[in-house]
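S.K.: Pasting work28.pdb here (PDB, C-alpha atoms):
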```pdb
ATOM      1  CA  MET V   1     -36.287  23.738  14.945  1.00  0.00           C
ATOM      2  CA  ARG V   2     -32.581  23.549  14.065  1.00  0.00           C
ATOM      3  CA  GLU V   3     -31.316  21.156  11.459  1.00  0.00           C
ATOM      4  CA  PRO V   4     -28.684  18.768  12.773  1.00  0.00           C
ATOM      5  CA  SER V   5     -25.210  19.552  11.488  1.00  0.00           C
ATOM      6  CA  LEU V   6     -22.994  16.851  10.111  1.00  0.00           C
ATOM      7  CA  ASN V   7     -19.748  16.870  12.037  1.00  0.00           C
ATOM      8  CA  THR V   8     -17.221  14.896  10.029  1.00  0.00           C
ATOM      9  CA  ASN V   9     -15.174  14.300  13.161  1.00  0.00           C
ATOM     10  CA  THR V  10     -18.025  12.506  14.908  1.00  0.00           C
ATOM     11  CA  ASN V  11     -17.039   9.010  15.974  1.00  0.00           C
ATOM     12  CA  LEU V  12     -19.257   6.303  14.620  1.00  0.00           C
ATOM     13  CA  LYS V  13     -19.932   3.100  16.530  1.00  0.00           C
ATOM     14  CA  SER V  14     -16.888   1.578  14.819  1.00  0.00           C
ATOM     15  CA  GLY V  15     -14.572   4.131  16.418  1.00  0.00           C
ATOM     16  CA  PHE V  16     -13.834   5.776  13.062  1.00  0.00           C
ATOM     17  CA  THR V  17     -14.824   9.283  12.153  1.00  0.00           C
ATOM     18  CA  ILE V  18     -16.754   9.984   8.986  1.00  0.00           C
ATOM     19  CA  ARG V  19     -13.659  11.791   7.708  1.00  0.00           C
ATOM     20  CA  GLN V  20     -11.453   8.729   8.349  1.00  0.00           C
ATOM     21  CA  ILE V  21     -13.873   6.424   6.572  1.00  0.00           C
ATOM     22  CA  ALA V  22     -14.057   8.796   3.601  1.00  0.00           C
ATOM     23  CA  ILE V  23     -10.275   9.152   3.294  1.00  0.00           C
ATOM     24  CA  ILE V  24      -9.734   5.405   3.704  1.00  0.00           C
ATOM     25  CA  GLY V  25     -12.333   4.901   0.962  1.00  0.00           C
ATOM     26  CA  VAL V  26     -10.600   7.375  -1.341  1.00  0.00           C
ATOM     27  CA  MET V  27      -7.235   5.615  -0.916  1.00  0.00           C
ATOM     28  CA  THR V  28      -8.883   2.219  -1.407  1.00  0.00           C
ATOM     29  CA  ALA V  29     -10.405   3.549  -4.630  1.00  0.00           C
ATOM     30  CA  ALA V  30      -7.001   4.894  -5.724  1.00  0.00           C
ATOM     31  CA  THR V  31      -5.491   1.455  -5.147  1.00  0.00           C
ATOM     32  CA  CYS V  32      -8.348  -0.225  -7.043  1.00  0.00           C
ATOM     33  CA  ILE V  33      -7.819   2.150  -9.982  1.00  0.00           C
ATOM     34  CA  LEU V  34      -4.006   2.107 -10.172  1.00  0.00           C
ATOM     35  CA  ALA V  35      -3.084  -1.445  -9.110  1.00  0.00           C
ATOM     36  CA  PRO V  36      -4.648  -3.248 -12.105  1.00  0.00           C
ATOM     37  CA  PHE V  37      -2.422  -1.365 -14.532  1.00  0.00           C
ATOM     38  CA  SER V  38       0.641  -3.523 -14.825  1.00  0.00           C
ATOM     39  CA  ILE V  39       3.421  -4.504 -17.162  1.00  0.00           C
ATOM     40  CA  PRO V  40       3.906  -8.256 -17.453  1.00  0.00           C
ATOM     41  CA  ILE V  41       7.609  -9.104 -17.440  1.00  0.00           C
ATOM     42  CA  GLY V  42       7.383 -12.705 -16.308  1.00  0.00           C
ATOM     43  CA  PRO V  43       5.405 -14.462 -13.615  1.00  0.00           C
ATOM     44  CA  VAL V  44       5.360 -11.268 -11.512  1.00  0.00           C
ATOM     45  CA  PRO V  45       4.183  -8.059 -13.242  1.00  0.00           C
ATOM     46  CA  ILE V  46       5.327  -4.507 -12.567  1.00  0.00           C
ATOM     47  CA  SER V  47       2.482  -2.847 -10.686  1.00  0.00           C
ATOM     48  CA  LEU V  48       1.742   0.470  -8.993  1.00  0.00           C
ATOM     49  CA  THR V  49       0.327  -1.195  -5.865  1.00  0.00           C
ATOM     50  CA  ASN V  50       3.341  -0.542  -3.660  1.00  0.00           C
ATOM     51  CA  LEU V  51       3.539   3.096  -4.819  1.00  0.00           C
ATOM     52  CA  VAL V  52      -0.071   3.663  -3.743  1.00  0.00           C
ATOM     53  CA  ILE V  53       0.652   2.007  -0.396  1.00  0.00           C
ATOM     54  CA  TYR V  54       3.703   4.224   0.202  1.00  0.00           C
ATOM     55  CA  PHE V  55       1.607   7.330  -0.473  1.00  0.00           C
ATOM     56  CA  ALA V  56      -1.267   6.017   1.666  1.00  0.00           C
ATOM     57  CA  LEU V  57       1.149   5.682   4.585  1.00  0.00           C
ATOM     58  CA  TYR V  58       2.064   9.349   4.323  1.00  0.00           C
ATOM     59  CA  LEU V  59      -1.515  10.488   3.784  1.00  0.00           C
ATOM     60  CA  LEU V  60      -3.407   8.270   6.219  1.00  0.00           C
ATOM     61  CA  GLY V  61      -0.910   6.972   8.742  1.00  0.00           C
ATOM     62  CA  THR V  62      -0.129   3.317   9.307  1.00  0.00           C
ATOM     63  CA  LYS V  63      -3.413   2.059  10.761  1.00  0.00           C
ATOM     64  CA  ASP V  64      -5.717   3.656   8.201  1.00  0.00           C
ATOM     65  CA  ALA V  65      -3.392   2.836   5.282  1.00  0.00           C
ATOM     66  CA  VAL V  66      -3.298  -0.836   6.291  1.00  0.00           C
ATOM     67  CA  ILE V  67      -7.095  -0.857   6.625  1.00  0.00           C
ATOM     68  CA  SER V  68      -7.369   0.717   3.172  1.00  0.00           C
ATOM     69  CA  TYR V  69      -5.145  -1.991   1.706  1.00  0.00           C
ATOM     70  CA  LEU V  70      -7.043  -4.782   3.491  1.00  0.00           C
ATOM     71  CA  VAL V  71     -10.309  -3.449   2.041  1.00  0.00           C
ATOM     72  CA  TYR V  72      -8.655  -3.479  -1.402  1.00  0.00           C
ATOM     73  CA  LEU V  73      -7.626  -7.135  -0.891  1.00  0.00           C
ATOM     74  CA  LEU V  74     -11.181  -8.062   0.114  1.00  0.00           C
ATOM     75  CA  ILE V  75     -12.588  -6.291  -2.949  1.00  0.00           C
ATOM     76  CA  GLY V  76     -10.243  -8.294  -5.165  1.00  0.00           C
ATOM     77  CA  LEU V  77     -10.886 -11.518  -3.279  1.00  0.00           C
ATOM     78  CA  VAL V  78     -14.658 -11.333  -3.885  1.00  0.00           C
ATOM     79  CA  GLY V  79     -14.154 -10.986  -7.626  1.00  0.00           C
ATOM     80  CA  VAL V  80     -13.799  -7.331  -8.561  1.00  0.00           C
ATOM     81  CA  PRO V  81     -10.870  -7.165 -11.030  1.00  0.00           C
ATOM     82  CA  VAL V  82      -8.588  -4.843  -9.060  1.00  0.00           C
ATOM     83  CA  PHE V  83      -5.408  -6.934  -8.920  1.00  0.00           C
ATOM     84  CA  SER V  84      -2.622  -6.549 -11.488  1.00  0.00           C
ATOM     85  CA  GLY V  85      -3.731  -7.211 -15.033  1.00  0.00           C
ATOM     86  CA  PHE V  86      -7.375  -6.636 -14.011  1.00  0.00           C
ATOM     87  CA  THR V  87      -7.552 -10.019 -12.268  1.00  0.00           C
ATOM     88  CA  SER V  88      -9.319 -11.036  -9.065  1.00  0.00           C
ATOM     89  CA  GLY V  89     -10.446 -13.883  -6.886  1.00  0.00           C
ATOM     90  CA  PRO V  90      -8.897 -16.446  -4.571  1.00  0.00           C
ATOM     91  CA  GLU V  91      -6.892 -18.005  -7.404  1.00  0.00           C
ATOM     92  CA  LYS V  92      -4.979 -14.733  -7.798  1.00  0.00           C
ATOM     93  CA  LEU V  93      -4.640 -13.995  -4.087  1.00  0.00           C
ATOM     94  CA  PHE V  94      -3.445 -17.507  -3.292  1.00  0.00           C
ATOM     95  CA  GLY V  95      -1.702 -18.150  -6.621  1.00  0.00           C
ATOM     96  CA  PRO V  96       2.018 -17.770  -7.414  1.00  0.00           C
ATOM     97  CA  THR V  97       2.098 -13.972  -6.990  1.00  0.00           C
ATOM     98  CA  GLY V  98      -0.232 -13.903  -3.984  1.00  0.00           C
ATOM     99  CA  GLY V  99       2.703 -13.854  -1.576  1.00  0.00           C
ATOM    100  CA  TYR V 100       3.551 -10.369  -2.788  1.00  0.00           C
ATOM    101  CA  LEU V 101      -0.062  -9.224  -2.338  1.00  0.00           C
ATOM    102  CA  ILE V 102      -0.035 -10.583   1.220  1.00  0.00           C
ATOM    103  CA  GLY V 103       3.534  -9.309   1.738  1.00  0.00           C
ATOM    104  CA  PHE V 104       2.336  -5.759   1.181  1.00  0.00           C
ATOM    105  CA  ILE V 105       0.638  -5.954   4.605  1.00  0.00           C
ATOM    106  CA  PRO V 106       3.855  -6.300   6.676  1.00  0.00           C
ATOM    107  CA  MET V 107       5.524  -3.903   4.229  1.00  0.00           C
ATOM    108  CA  ALA V 108       2.911  -1.276   5.033  1.00  0.00           C
ATOM    109  CA  ILE V 109       3.178  -1.868   8.778  1.00  0.00           C
ATOM    110  CA  ILE V 110       6.987  -1.667   8.871  1.00  0.00           C
ATOM    111  CA  ALA V 111       7.273   1.292   6.492  1.00  0.00           C
ATOM    112  CA  GLY V 112       4.361   2.986   8.235  1.00  0.00           C
ATOM    113  CA  ILE V 113       5.995   2.789  11.655  1.00  0.00           C
ATOM    114  CA  PHE V 114       9.039   4.583  10.266  1.00  0.00           C
ATOM    115  CA  ILE V 115       6.964   7.150   8.363  1.00  0.00           C
ATOM    116  CA  ASP V 116       4.722   7.881  11.369  1.00  0.00           C
ATOM    117  CA  LYS V 117       7.640   8.183  13.780  1.00  0.00           C
ATOM    118  CA  PHE V 118      10.174   9.953  11.541  1.00  0.00           C
ATOM    119  CA  THR V 119       7.986  11.937   9.119  1.00  0.00           C
ATOM    120  CA  SER V 120      10.428  14.828   8.832  1.00  0.00           C
ATOM    121  CA  LYS V 121      13.510  12.587   8.531  1.00  0.00           C
ATOM    122  CA  ARG V 122      13.346  11.473   4.928  1.00  0.00           C
ATOM    123  CA  LEU V 123      16.242   9.030   5.015  1.00  0.00           C
ATOM    124  CA  LEU V 124      14.725   7.164   7.954  1.00  0.00           C
ATOM    125  CA  CYS V 125      11.402   7.018   6.090  1.00  0.00           C
ATOM    126  CA  LEU V 126      13.241   5.640   3.066  1.00  0.00           C
ATOM    127  CA  ALA V 127      14.991   3.096   5.301  1.00  0.00           C
ATOM    128  CA  GLY V 128      11.587   1.988   6.624  1.00  0.00           C
ATOM    129  CA  MET V 129      10.219   1.603   3.093  1.00  0.00           C
ATOM    130  CA  ILE V 130      13.289  -0.401   2.078  1.00  0.00           C
ATOM    131  CA  LEU V 131      13.028  -2.649   5.133  1.00  0.00           C
ATOM    132  CA  GLY V 132       9.296  -3.185   4.639  1.00  0.00           C
ATOM    133  CA  THR V 133       9.807  -3.921   0.960  1.00  0.00           C
ATOM    134  CA  LEU V 134      12.497  -6.473   1.787  1.00  0.00           C
ATOM    135  CA  VAL V 135      10.001  -8.284   4.026  1.00  0.00           C
ATOM    136  CA  CYS V 136       7.438  -8.167   1.191  1.00  0.00           C
ATOM    137  CA  TYR V 137      10.048  -9.557  -1.214  1.00  0.00           C
ATOM    138  CA  LEU V 138      10.831 -12.365   1.212  1.00  0.00           C
ATOM    139  CA  CYS V 139       7.157 -13.329   1.621  1.00  0.00           C
ATOM    140  CA  GLY V 140       6.466 -13.109  -2.095  1.00  0.00           C
ATOM    141  CA  THR V 141       9.599 -14.937  -3.183  1.00  0.00           C
ATOM    142  CA  ALA V 142       9.069 -17.800  -0.736  1.00  0.00           C
ATOM    143  CA  TRP V 143       5.449 -18.168  -1.885  1.00  0.00           C
ATOM    144  CA  LEU V 144       6.389 -17.922  -5.583  1.00  0.00           C
ATOM    145  CA  ALA V 145       9.081 -20.589  -5.125  1.00  0.00           C
ATOM    146  CA  PHE V 146       6.569 -22.880  -3.391  1.00  0.00           C
ATOM    147  CA  GLN V 147       3.685 -22.311  -5.828  1.00  0.00           C
ATOM    148  CA  ALA V 148       5.738 -22.422  -9.043  1.00  0.00           C
ATOM    149  CA  ASN V 149       8.113 -25.209  -7.948  1.00  0.00           C
ATOM    150  CA  LEU V 150      11.104 -22.908  -8.342  1.00  0.00           C
ATOM    151  CA  GLY V 151      14.279 -22.765  -6.347  1.00  0.00           C
ATOM    152  CA  PHE V 152      14.546 -19.724  -4.098  1.00  0.00           C
ATOM    153  CA  LYS V 153      17.236 -18.185  -6.333  1.00  0.00           C
ATOM    154  CA  ALA V 154      15.115 -18.647  -9.473  1.00  0.00           C
ATOM    155  CA  ALA V 155      12.101 -17.128  -7.694  1.00  0.00           C
ATOM    156  CA  LEU V 156      14.290 -14.228  -6.547  1.00  0.00           C
ATOM    157  CA  PHE V 157      15.337 -13.544 -10.137  1.00  0.00           C
ATOM    158  CA  ALA V 158      11.729 -13.810 -11.325  1.00  0.00           C
ATOM    159  CA  GLY V 159      10.045 -11.802  -8.581  1.00  0.00           C
ATOM    160  CA  VAL V 160      12.574  -9.401  -7.068  1.00  0.00           C
ATOM    161  CA  ILE V 161      15.711  -8.572  -9.061  1.00  0.00           C
ATOM    162  CA  PRO V 162      13.923  -6.979 -12.067  1.00  0.00           C
ATOM    163  CA  PHE V 163      11.873  -4.810  -9.706  1.00  0.00           C
ATOM    164  CA  LEU V 164      14.643  -3.293  -7.574  1.00  0.00           C
ATOM    165  CA  PRO V 165      15.300  -0.126  -9.656  1.00  0.00           C
ATOM    166  CA  GLY V 166      11.603   0.658 -10.165  1.00  0.00           C
ATOM    167  CA  ASP V 167      10.717   0.031  -6.544  1.00  0.00           C
ATOM    168  CA  LEU V 168      13.529   2.312  -5.402  1.00  0.00           C
ATOM    169  CA  ILE V 169      12.190   5.051  -7.705  1.00  0.00           C
ATOM    170  CA  LYS V 170       8.695   4.565  -6.232  1.00  0.00           C
ATOM    171  CA  MET V 171      10.086   4.888  -2.704  1.00  0.00           C
ATOM    172  CA  ILE V 172      11.967   8.066  -3.578  1.00  0.00           C
ATOM    173  CA  LEU V 173       8.848   9.569  -5.188  1.00  0.00           C
ATOM    174  CA  ALA V 174       6.823   8.814  -2.071  1.00  0.00           C
ATOM    175  CA  MET V 175       9.598  10.111   0.203  1.00  0.00           C
ATOM    176  CA  VAL V 176       9.789  13.413  -1.712  1.00  0.00           C
ATOM    177  CA  MET V 177       6.117  14.005  -2.515  1.00  0.00           C
ATOM    178  CA  GLY V 178       4.381  12.269   0.408  1.00  0.00           C
ATOM    179  CA  PRO V 179       5.293  14.835   3.089  1.00  0.00           C
ATOM    180  CA  GLN V 180       4.265  17.702   0.808  1.00  0.00           C
ATOM    181  CA  ILE V 181       0.852  16.195   0.121  1.00  0.00           C
ATOM    182  CA  ARG V 182       0.478  15.330   3.811  1.00  0.00           C
ATOM    183  CA  ASN V 183       1.176  18.971   4.754  1.00  0.00           C
ATOM    184  CA  GLN V 184      -1.420  20.186   2.239  1.00  0.00           C
ATOM    185  CA  LEU V 185      -4.006  17.808   3.701  1.00  0.00           C
ATOM    186  CA  GLN V 186      -3.180  19.016   7.221  1.00  0.00           C
ATOM    187  CA  ARG V 187      -3.556  22.658   6.150  1.00  0.00           C
ATOM    188  CA  ALA V 188      -6.946  21.820   4.630  1.00  0.00           C
ATOM    189  CA  ASN V 189      -7.873  20.048   7.894  1.00  0.00           C
ATOM    190  CA  LEU V 190      -8.304  16.758   6.031  1.00  0.00           C
ATOM    191  CA  ARG V 191      -5.745  14.841   8.072  1.00  0.00           C
TER     192      ARG V 191
END
```
Take the structure from the file and write it as structure tokens.
M.R.:
Amino acid sequence: MREPSLNTNTNLKSGFTIRQIAIIGVMTAATCILAPFSIPIGPVPISLTNLVIYFALYLLGTKDAVISYLVYLLIGLVGVPVFSGFTSGPEKLFGPTGGYLIGFIPMAIIAGIFIDKFTSKRLLCLAGMILGTLVCYLCGTAWLAFQANLGFKAALFAGVIPFLPGDLIKMILAMVMGPQIRNQLQRANLR
């Protein structure tokens, strides 16, 4: 009698392969590990969350990267301290900085469309990350202004302006390193 072999490309009832689930899980874990480390500089801390999302887009593609991020949000929502500053729960997700956490979803979708479609055209990928990040900034700033009773300009200076240089560096890192890591994963038949 032969032993059944485990084919990692086998589709499960969910429509995902075992390989997809494993890679989504690895990127979710990376987000859970890196996102809590933050530098408080005001009401909105500097975090590595968007950097992990940019890399996930290159490594997983848009759909799986967004799923990975949504799983991360659910983990934080139920109380595991994976948000910036090792926080969690609905009060963080729906608090003053929650608009940025939610804004990462459209950011990932917009940037991911560009990265999936123009993988070899770095400047177009960068343009997609910039556009997606602008949408995230808009969502987060509007929510911060509402939650903290700030004017839009004050919220912009609290939640966007200090982050522009660092976020641009994160985008450039992802734009330079993401395709290289993606190629290595493809050579290893992991993507």
S.K.: Calculated over all atoms listed in the file, which of the candidates V:Phe86, V:Phe146, V:Phe118, V:Tyr54 has the smallest distance to Met175 (chain V)?
M.R.: V:Tyr54
S.K.: Write out as JSON lines the residues of region 48-77 of chain V that have any atom within 8 Å of an atom of region 95-114 of chain V, one row each with the nearest atom pair and its distance in Å to one decimal, counting all atoms listed in the file, sorted by chain and then rising number.
M.R.:
```
{"residue": "V:Asn50", "atom": "CA", "partner": "V:Phe104", "partner_atom": "CA", "distance": 7.2}
{"residue": "V:Ile53", "atom": "CA", "partner": "V:Ala108", "partner_atom": "CA", "distance": 6.7}
{"residue": "V:Tyr54", "atom": "CA", "partner": "V:Ala108", "partner_atom": "CA", "distance": 7.4}
{"residue": "V:Leu57", "atom": "CA", "partner": "V:Gly112", "partner_atom": "CA", "distance": 5.6}
{"residue": "V:Tyr58", "atom": "CA", "partner": "V:Gly112", "partner_atom": "CA", "distance": 7.8}
{"residue": "V:Gly61", "atom": "CA", "partner": "V:Gly112", "partner_atom": "CA", "distance": 6.6}
{"residue": "V:Thr62", "atom": "CA", "partner": "V:Gly112", "partner_atom": "CA", "distance": 4.6}
{"residue": "V:Lys63", "atom": "CA", "partner": "V:Ile109", "partner_atom": "CA", "distance": 7.9}
{"residue": "V:Ala65", "atom": "CA", "partner": "V:Ala108", "partner_atom": "CA", "distance": 7.5}
{"residue": "V:Val66", "atom": "CA", "partner": "V:Ala108", "partner_atom": "CA", "distance": 6.4}
{"residue": "V:Tyr69", "atom": "CA", "partner": "V:Ile105", "partner_atom": "CA", "distance": 7.6}
{"residue": "V:Leu70", "atom": "CA", "partner": "V:Ile105", "partner_atom": "CA", "distance": 7.8}
{"residue": "V:Leu73", "atom": "CA", "partner": "V:Leu101", "partner_atom": "CA", "distance": 8.0}
```
S.K.: Once the PyMOL selection byres ((chain V and resi 120) around 12) is applied to the coordinates I shared, what remains selected? I want it as a ChimeraX atom specification.
M.R.: /V:58,114-119,121-126,175-176,178-180,182-183
S.K.: I need the residue set behind the PyMOL selection byres ((chain V and resi 164-169) around 9) for this file; please write it as a PyMOL selection string.
M.R.: chain V and resi 46+50-51+130+133+160-163+170-174
S.K.: Taking only C-alpha atoms into account, name the residue in V:Val71, V:Ala155, V:Met177, V:Ala35 that is nearest to Thr87 (chain V).
M.R.: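 Of the candidates, the smallest distance to Thr87 (chain V) is held by V:Ala35.
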S.K.: Determine the nearest neighbour of Pro43 (chain V) from the options V:Cys136, V:Met129, V:Ala148, V:Ala142, counting only C-alpha atoms.
M.R.: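 Selected residue with least distance to Pro43 (chain V): V:Ala148.
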S.K.: Have a look at CA of Pro36 (chain V) and CA of Tyr72 (chain V) and let me know their distance in Å, one decimal.
M.R.: 11.4 Å
S.K.: One number please: CA of Phe157 (chain V) to CA of Ser38 (chain V), in Å, one decimal.
M.R.: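 So the two atoms, CA of Phe157 (chain V) and CA of Ser38 (chain V), lie 18.4 Å apart.
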S.K.: When you draw a straight line from CA of Gly128 (chain V) to CA of Gly85 (chain V), how long is it in Å?
M.R.: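 Computing the Euclidean distance for CA of Gly128 (chain V) and CA of Gly85 (chain V) yields 28.1 Å.
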S.K.: Which residue out of V:Leu190, V:Val82, V:Ile39, V:Ala30 has the minimum interatomic distance to Val52 (chain V) when all atoms listed in the file are used?
M.R.: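 Ranking V:Leu190, V:Val82, V:Ile39, V:Ala30 by distance to Val52 (chain V), first place goes to V:Ala30.
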S.K.: May I ask which of the residues V:Ile23, V:Thr28, V:Val44, V:Leu93 is the closest one to Leu156 (chain V), counting all atoms listed in the file?
M.R.: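 Nearest candidate to Leu156 (chain V) out of V:Ile23, V:Thr28, V:Val44, V:Leu93: V:Val44.
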